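Here is start.txt, consisting of compact mmCIF, C-alpha atoms:
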```txt
# COMPACT_ATOMS: atom_id res chain seq x y z
CA MET Y 16 80.83 -70.32 -79.70
CA SER Y 17 80.67 -68.92 -83.21
CA ASN Y 18 82.59 -66.94 -85.78
CA ALA Y 19 81.97 -63.37 -86.91
CA LEU Y 20 78.98 -64.38 -89.08
CA ALA Y 21 76.88 -65.14 -85.98
CA ILE Y 22 75.10 -61.76 -85.81
CA ALA Y 23 74.00 -61.84 -89.45
CA THR Y 24 73.00 -65.50 -89.13
CA VAL Y 25 70.72 -64.78 -86.16
CA THR Y 26 69.05 -61.95 -88.12
CA GLN Y 27 68.46 -64.14 -91.17
CA ALA Y 28 67.23 -67.07 -89.08
CA LEU Y 29 64.84 -64.81 -87.13
CA ALA Y 30 63.30 -63.54 -90.38
CA MET Y 31 62.90 -67.10 -91.64
CA GLN Y 32 61.35 -68.24 -88.36
CA ILE Y 33 58.79 -65.43 -88.53
CA GLU Y 34 57.96 -66.17 -92.18
CA ASN Y 35 57.61 -69.91 -91.58
CA HIS Y 36 55.07 -69.39 -88.79
CA LEU Y 37 52.74 -66.85 -90.40
CA PRO Y 38 50.07 -69.47 -91.29
CA PRO Y 39 47.35 -70.33 -90.51
CA GLU Y 40 46.23 -66.89 -89.26
CA ILE Y 41 47.98 -65.15 -92.17
CA ASP Y 42 46.75 -66.70 -95.42
CA PHE Y 43 48.17 -64.12 -97.86
CA ALA Y 44 51.65 -63.40 -99.21
CA VAL Y 45 53.91 -61.41 -96.87
CA SER Y 46 57.43 -60.21 -97.66
CA VAL Y 47 59.70 -60.64 -94.60
CA GLN Y 48 62.80 -58.53 -95.10
CA THR Y 49 66.02 -58.10 -93.09
CA ARG Y 50 66.27 -54.33 -93.39
CA ARG Y 51 65.55 -51.06 -91.61
CA PRO Y 52 61.94 -49.76 -91.61
CA HIS Y 53 60.64 -48.41 -94.92
CA THR Y 54 60.73 -44.67 -95.56
CA GLU Y 55 57.68 -45.18 -97.77
CA PRO Y 56 55.08 -47.83 -96.87
CA PRO Y 57 55.27 -50.75 -99.33
CA ALA Y 58 52.30 -51.53 -101.53
CA ASP Y 59 52.05 -55.14 -100.34
CA PRO Y 60 52.04 -56.61 -96.81
CA ALA Y 61 55.54 -56.75 -95.35
CA ILE Y 62 57.52 -57.31 -92.15
CA THR Y 63 60.94 -55.79 -91.56
CA VAL Y 64 63.46 -57.32 -89.15
CA PHE Y 65 66.13 -54.78 -88.23
CA CYS Y 66 69.03 -55.33 -85.84
CA TYR Y 67 69.40 -51.78 -84.54
CA GLN Y 68 71.85 -52.37 -81.68
CA VAL Y 69 74.48 -54.83 -80.44
CA THR Y 70 75.44 -54.66 -76.76
CA PRO Y 71 77.76 -56.64 -74.44
CA ASP Y 72 75.98 -59.30 -72.43
CA VAL Y 73 76.17 -58.20 -68.79
CA SER Y 74 76.35 -61.69 -67.29
CA LEU Y 75 79.40 -62.70 -69.36
CA ARG Y 76 81.11 -59.35 -69.80
CA ASN Y 77 84.37 -60.58 -68.21
CA THR Y 78 84.84 -63.44 -70.69
CA GLU Y 79 85.99 -61.13 -73.48
CA LEU Y 80 89.69 -61.16 -72.60
CA PRO Y 81 91.87 -64.09 -73.67
CA THR Y 82 93.38 -66.31 -70.97
CA ARG Y 83 97.15 -66.64 -70.95
CA ALA Y 84 99.64 -68.66 -68.92
CA SER Y 85 102.36 -67.03 -66.79
CA ASP Y 86 104.76 -67.12 -69.76
CA GLY Y 87 102.25 -65.38 -72.05
CA THR Y 88 101.16 -68.52 -73.88
CA LEU Y 89 97.55 -68.34 -75.05
CA VAL Y 90 95.33 -70.76 -73.11
CA SER Y 91 91.87 -69.77 -74.40
CA ARG Y 92 90.66 -67.42 -77.11
CA ALA Y 93 89.07 -64.04 -76.57
CA THR Y 94 85.27 -64.27 -76.70
CA ALA Y 95 82.70 -61.51 -77.18
CA ALA Y 96 79.41 -62.20 -75.39
CA LEU Y 97 76.68 -60.19 -77.11
CA ASP Y 98 72.99 -59.36 -76.97
CA LEU Y 99 71.23 -58.34 -80.18
CA HIS Y 100 68.32 -55.89 -80.23
CA TYR Y 101 65.69 -56.13 -82.97
CA LEU Y 102 62.98 -53.80 -84.19
CA ILE Y 103 60.27 -55.77 -85.98
CA SER Y 104 57.77 -53.67 -87.93
CA ALA Y 105 54.66 -54.60 -89.90
CA TYR Y 106 53.08 -52.99 -92.97
CA GLY Y 107 49.69 -53.57 -94.58
CA GLU Y 108 46.23 -52.28 -95.32
CA GLU Y 109 45.06 -50.41 -92.21
CA ASN Y 110 41.36 -50.80 -92.98
CA GLU Y 111 41.80 -54.57 -92.67
CA LEU Y 112 44.20 -54.26 -89.70
CA VAL Y 113 46.90 -56.16 -91.61
CA GLY Y 114 49.74 -54.63 -89.60
CA GLN Y 115 48.16 -55.62 -86.31
CA ARG Y 116 47.51 -59.13 -87.57
CA LEU Y 117 51.14 -59.49 -88.63
CA ILE Y 118 52.47 -58.21 -85.31
CA GLY Y 119 50.17 -60.64 -83.52
CA SER Y 120 51.67 -63.48 -85.55
CA VAL Y 121 55.22 -62.34 -84.71
CA ILE Y 122 54.44 -62.20 -80.99
CA ARG Y 123 52.74 -65.59 -81.08
CA THR Y 124 55.73 -67.14 -82.86
CA LEU Y 125 58.39 -65.78 -80.51
CA THR Y 126 56.30 -66.63 -77.45
CA GLU Y 127 55.63 -70.15 -78.64
CA VAL Y 128 59.20 -70.80 -79.83
CA PRO Y 129 61.47 -68.34 -77.96
CA ILE Y 130 64.65 -70.32 -78.64
CA LEU Y 131 65.95 -70.17 -82.21
CA PRO Y 132 65.76 -73.74 -83.62
CA ARG Y 133 69.03 -75.24 -84.81
CA ALA Y 134 67.39 -76.38 -88.06
CA VAL Y 135 66.44 -72.80 -88.94
CA ILE Y 136 69.96 -71.59 -88.11
CA GLU Y 137 71.47 -74.20 -90.39
CA GLU Y 138 69.02 -73.30 -93.17
CA ALA Y 139 69.91 -69.63 -92.82
CA GLY Y 140 73.60 -70.52 -93.04
CA GLN Y 141 73.02 -71.97 -96.50
CA ARG Y 142 72.64 -68.48 -97.95
CA PRO Y 143 75.70 -67.65 -100.10
CA TYR Y 144 76.49 -64.54 -98.07
CA LEU Y 145 76.48 -66.58 -94.82
CA SER Y 146 78.65 -69.41 -96.13
CA GLY Y 147 81.01 -70.52 -93.38
CA SER Y 148 78.73 -69.59 -90.49
CA ASP Y 149 79.09 -72.07 -87.62
CA LEU Y 150 76.35 -70.74 -85.33
CA GLY Y 151 74.46 -74.00 -85.72
CA ASP Y 152 77.34 -75.86 -84.05
CA SER Y 153 77.35 -73.66 -80.95
CA ILE Y 154 76.22 -75.26 -77.69
CA HIS Y 155 74.73 -71.91 -76.64
CA ARG Y 156 71.16 -71.35 -77.81
CA VAL Y 157 69.80 -67.95 -78.83
CA ARG Y 158 66.68 -66.91 -76.89
CA PHE Y 159 64.34 -64.06 -77.77
CA THR Y 160 62.63 -62.00 -75.07
CA PRO Y 161 60.36 -58.97 -75.60
CA SER Y 162 61.71 -55.57 -74.54
CA GLN Y 163 59.38 -53.02 -72.99
CA MET Y 164 59.80 -49.47 -74.26
CA ASP Y 165 57.89 -46.42 -73.07
CA VAL Y 166 56.80 -43.55 -75.32
CA ASP Y 167 60.05 -41.60 -74.86
CA GLU Y 168 62.26 -44.60 -75.65
CA THR Y 169 60.16 -45.44 -78.69
CA SER Y 170 60.35 -41.85 -79.89
CA LYS Y 171 64.15 -41.81 -79.53
CA LEU Y 172 64.49 -45.09 -81.39
CA TRP Y 173 62.37 -43.98 -84.33
CA GLY Y 174 64.09 -40.60 -84.27
CA MET Y 175 67.24 -42.35 -85.50
CA PHE Y 176 65.47 -43.16 -88.78
CA HIS Y 177 65.51 -39.95 -90.79
CA GLN Y 178 62.15 -39.19 -92.40
CA THR Y 179 60.80 -42.64 -91.60
CA PRO Y 180 57.18 -42.66 -90.38
CA TYR Y 181 56.35 -44.77 -87.34
CA VAL Y 182 54.45 -48.01 -87.85
CA LEU Y 183 53.29 -50.62 -85.38
CA SER Y 184 56.37 -52.47 -84.13
CA VAL Y 185 57.74 -54.69 -81.40
CA VAL Y 186 61.24 -54.85 -79.92
CA TYR Y 187 62.99 -58.10 -78.97
CA GLN Y 188 66.34 -58.93 -77.43
CA ALA Y 189 68.33 -61.98 -78.57
CA ALA Y 190 70.73 -63.52 -76.07
CA LEU Y 191 73.24 -65.05 -75.98
CA VAL Y 192 75.56 -64.77 -79.01
CA LEU Y 193 79.22 -65.69 -78.45
CA ILE Y 194 81.80 -64.69 -81.05
CA GLU Y 195 85.17 -66.35 -80.54
CA GLY Y 196 88.53 -64.96 -81.64
CA ARG Y 197 90.60 -66.65 -84.35
CA GLU Y 198 93.93 -66.87 -82.51
CA ILE Y 199 94.71 -70.55 -81.86
CA PRO Y 200 95.85 -71.48 -78.32
CA ALA Y 201 99.23 -73.19 -78.07
CA GLN Y 202 99.04 -76.93 -77.59
CA HIS Y 203 100.46 -78.02 -74.25
CA PRO Y 204 103.04 -80.82 -74.21
CA PRO Y 205 102.01 -84.13 -72.59
CA VAL Y 206 102.87 -84.83 -68.97
CA ARG Y 207 106.34 -86.45 -68.87
CA GLU Y 208 106.64 -87.13 -65.16
CA ARG Y 209 104.14 -87.49 -62.35
CA THR Y 210 105.13 -86.63 -58.79
CA VAL Y 211 103.05 -87.58 -55.78
CA THR Y 212 103.87 -86.03 -52.43
CA VAL Y 213 102.47 -87.31 -49.13
CA THR Y 214 102.58 -85.20 -45.98
CA ALA Y 215 101.49 -86.13 -42.48
CA GLY Y 216 98.70 -84.00 -41.13
CA GLY Y 217 98.33 -82.96 -37.52
```
Would you mind writing the file's structure down as structure tokens?
Amino acid sequence: MSNALAIATVTQALAMQIENHLPPEIDFAVSVQTRRPHTEPPADPAITVFCYQVTPDVSLRNTELPTRASDGTLVSRATAALDLHYLISAYGEENELVGQRLIGSVIRTLTEVPILPRAVIEEAGQRPYLSGSDLGDSIHRVRFTPSQMDVDETSKLWGMFHQTPYVLSVVYQAALVLIEGREIPAQHPPVRERTVTVTAGG
């Protein structure tokens, strides 16, 4: 489980993972940015990694509430189980199919290494604005899977970006991210007396 910096850490680590795996197919400089798609195409090749939605994870939806004893004492912290949804877009010279080459590299990277490596998470956590992130210590690993979107869903998604022209993009879902509450459970006293009862069975 992780603290509230987990979402931002996954985004930063994803961008770094993509950038680290651009070679050998991509042998020119590419700016990989954690931002929404550009309203104006950049002059140089670029990839944007944008977390456009955070949703509850269906399989662990019931783990959000804290667990308490009969007297109200906190036994376990509240935990939010989340899935993150990313729009990854590519920009470049269309005559040389740069955008398509960049998207191909992104797909190859996330197919080859679908689970976010712990080393990349820890490197992302070294950024000053992510200081204190403990995602790298979590026993749960973040896995990326491609999301299929039809024309209508794609149109609705890009419609949220005011005056932003569509460019070739892919959508991925990251699961599972667990954010744990800060309230500390009460420490139970040690067992003072053990009682063993034996009953005769019929």
Within-12 Å shell of (68.5, -72.6, -76.4) in input frame, only C-alpha atoms, as a VMD selection string: chain Y and resid 128 to 133 136 151 153 to 159 189 to 192
Quick one: write out the picked residues with C-alpha atoms as a PDB file, in the coordinates of the input?
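Heads up, here's the output in result_12.pdb:
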```pdb
ATOM      1  CA  VAL Y 128      59.200 -70.800 -79.830  1.00  0.00           C
ATOM      2  CA  PRO Y 129      61.470 -68.340 -77.960  1.00  0.00           C
ATOM      3  CA  ILE Y 130      64.650 -70.320 -78.640  1.00  0.00           C
ATOM      4  CA  LEU Y 131      65.950 -70.170 -82.210  1.00  0.00           C
ATOM      5  CA  PRO Y 132      65.760 -73.740 -83.620  1.00  0.00           C
ATOM      6  CA  ARG Y 133      69.030 -75.240 -84.810  1.00  0.00           C
ATOM      7  CA  ILE Y 136      69.960 -71.590 -88.110  1.00  0.00           C
ATOM      8  CA  GLY Y 151      74.460 -74.000 -85.720  1.00  0.00           C
ATOM      9  CA  SER Y 153      77.350 -73.660 -80.950  1.00  0.00           C
ATOM     10  CA  ILE Y 154      76.220 -75.260 -77.690  1.00  0.00           C
ATOM     11  CA  HIS Y 155      74.730 -71.910 -76.640  1.00  0.00           C
ATOM     12  CA  ARG Y 156      71.160 -71.350 -77.810  1.00  0.00           C
ATOM     13  CA  VAL Y 157      69.800 -67.950 -78.830  1.00  0.00           C
ATOM     14  CA  ARG Y 158      66.680 -66.910 -76.890  1.00  0.00           C
ATOM     15  CA  PHE Y 159      64.340 -64.060 -77.770  1.00  0.00           C
ATOM     16  CA  ALA Y 189      68.330 -61.980 -78.570  1.00  0.00           C
ATOM     17  CA  ALA Y 190      70.730 -63.520 -76.070  1.00  0.00           C
ATOM     18  CA  LEU Y 191      73.240 -65.050 -75.980  1.00  0.00           C
ATOM     19  CA  VAL Y 192      75.560 -64.770 -79.010  1.00  0.00           C
TER      20      VAL Y 192
END
```
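The spacing separating atom CA of Y:Arg116 from atom CA of Y:Glu137 amounts to 28.4 Å.
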Distance of atom CA of Y:Met31 from atom CA of Y:Ala58, expressed in Å to one decimal place: 21.3 Å
Within-10 Å shell of (70.8, -62.6, -86.7) in input frame, all atoms listed in the file, as JSON, numbers by chain: {"Y": [20, 21, 22, 23, 24, 25, 26, 27, 28, 29, 30, 49, 64, 65, 66, 99, 100, 101, 136, 139, 150, 157, 189, 192]}
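Among the candidates Y:Glu168, Y:Thr94, Y:Phe43, Y:Pro38, the residue lying nearest to Y:Glu195 is Y:Thr94 (atoms considered: only C-alpha atoms).
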Y:Ser120, Y:Glu127, Y:Pro143, Y:Asp167 ranked by distance to Y:Val185, top pick (using only C-alpha atoms): Y:Ser120
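Here atom CA of Y:Thr63 is placed at a distance of 8.5 Å from atom CA of Y:Tyr106.
Distance check against Y:Leu97 using all atoms listed in the file: of Y:Gln188, Y:Ile122, Y:Gln141, Y:Ala61, the minimum falls on Y:Gln188.
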Distance query Y:Pro60 at most 12 Å, all atoms listed in the file, self and fewer than 5 positions along chain excluded, as JSON, numbers by chain: {"Y": [41, 42, 43, 44, 45, 46, 47, 48, 104, 105, 106, 107, 108, 109, 111, 112, 113, 114, 115, 116, 117, 118]}
Using all atoms listed in the file: which of Y:Ala19, Y:Ile103, Y:Leu193, Y:Val121 has the shortest distance to Y:Tyr181: Y:Ile103
Pick from Y:Pro161, Y:Pro56, Y:Gly140, Y:Gly147 nearest to Y:Thr124, counting all atoms listed in the file: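 Result for the nearest residue to Y:Thr124: Y:Pro161.
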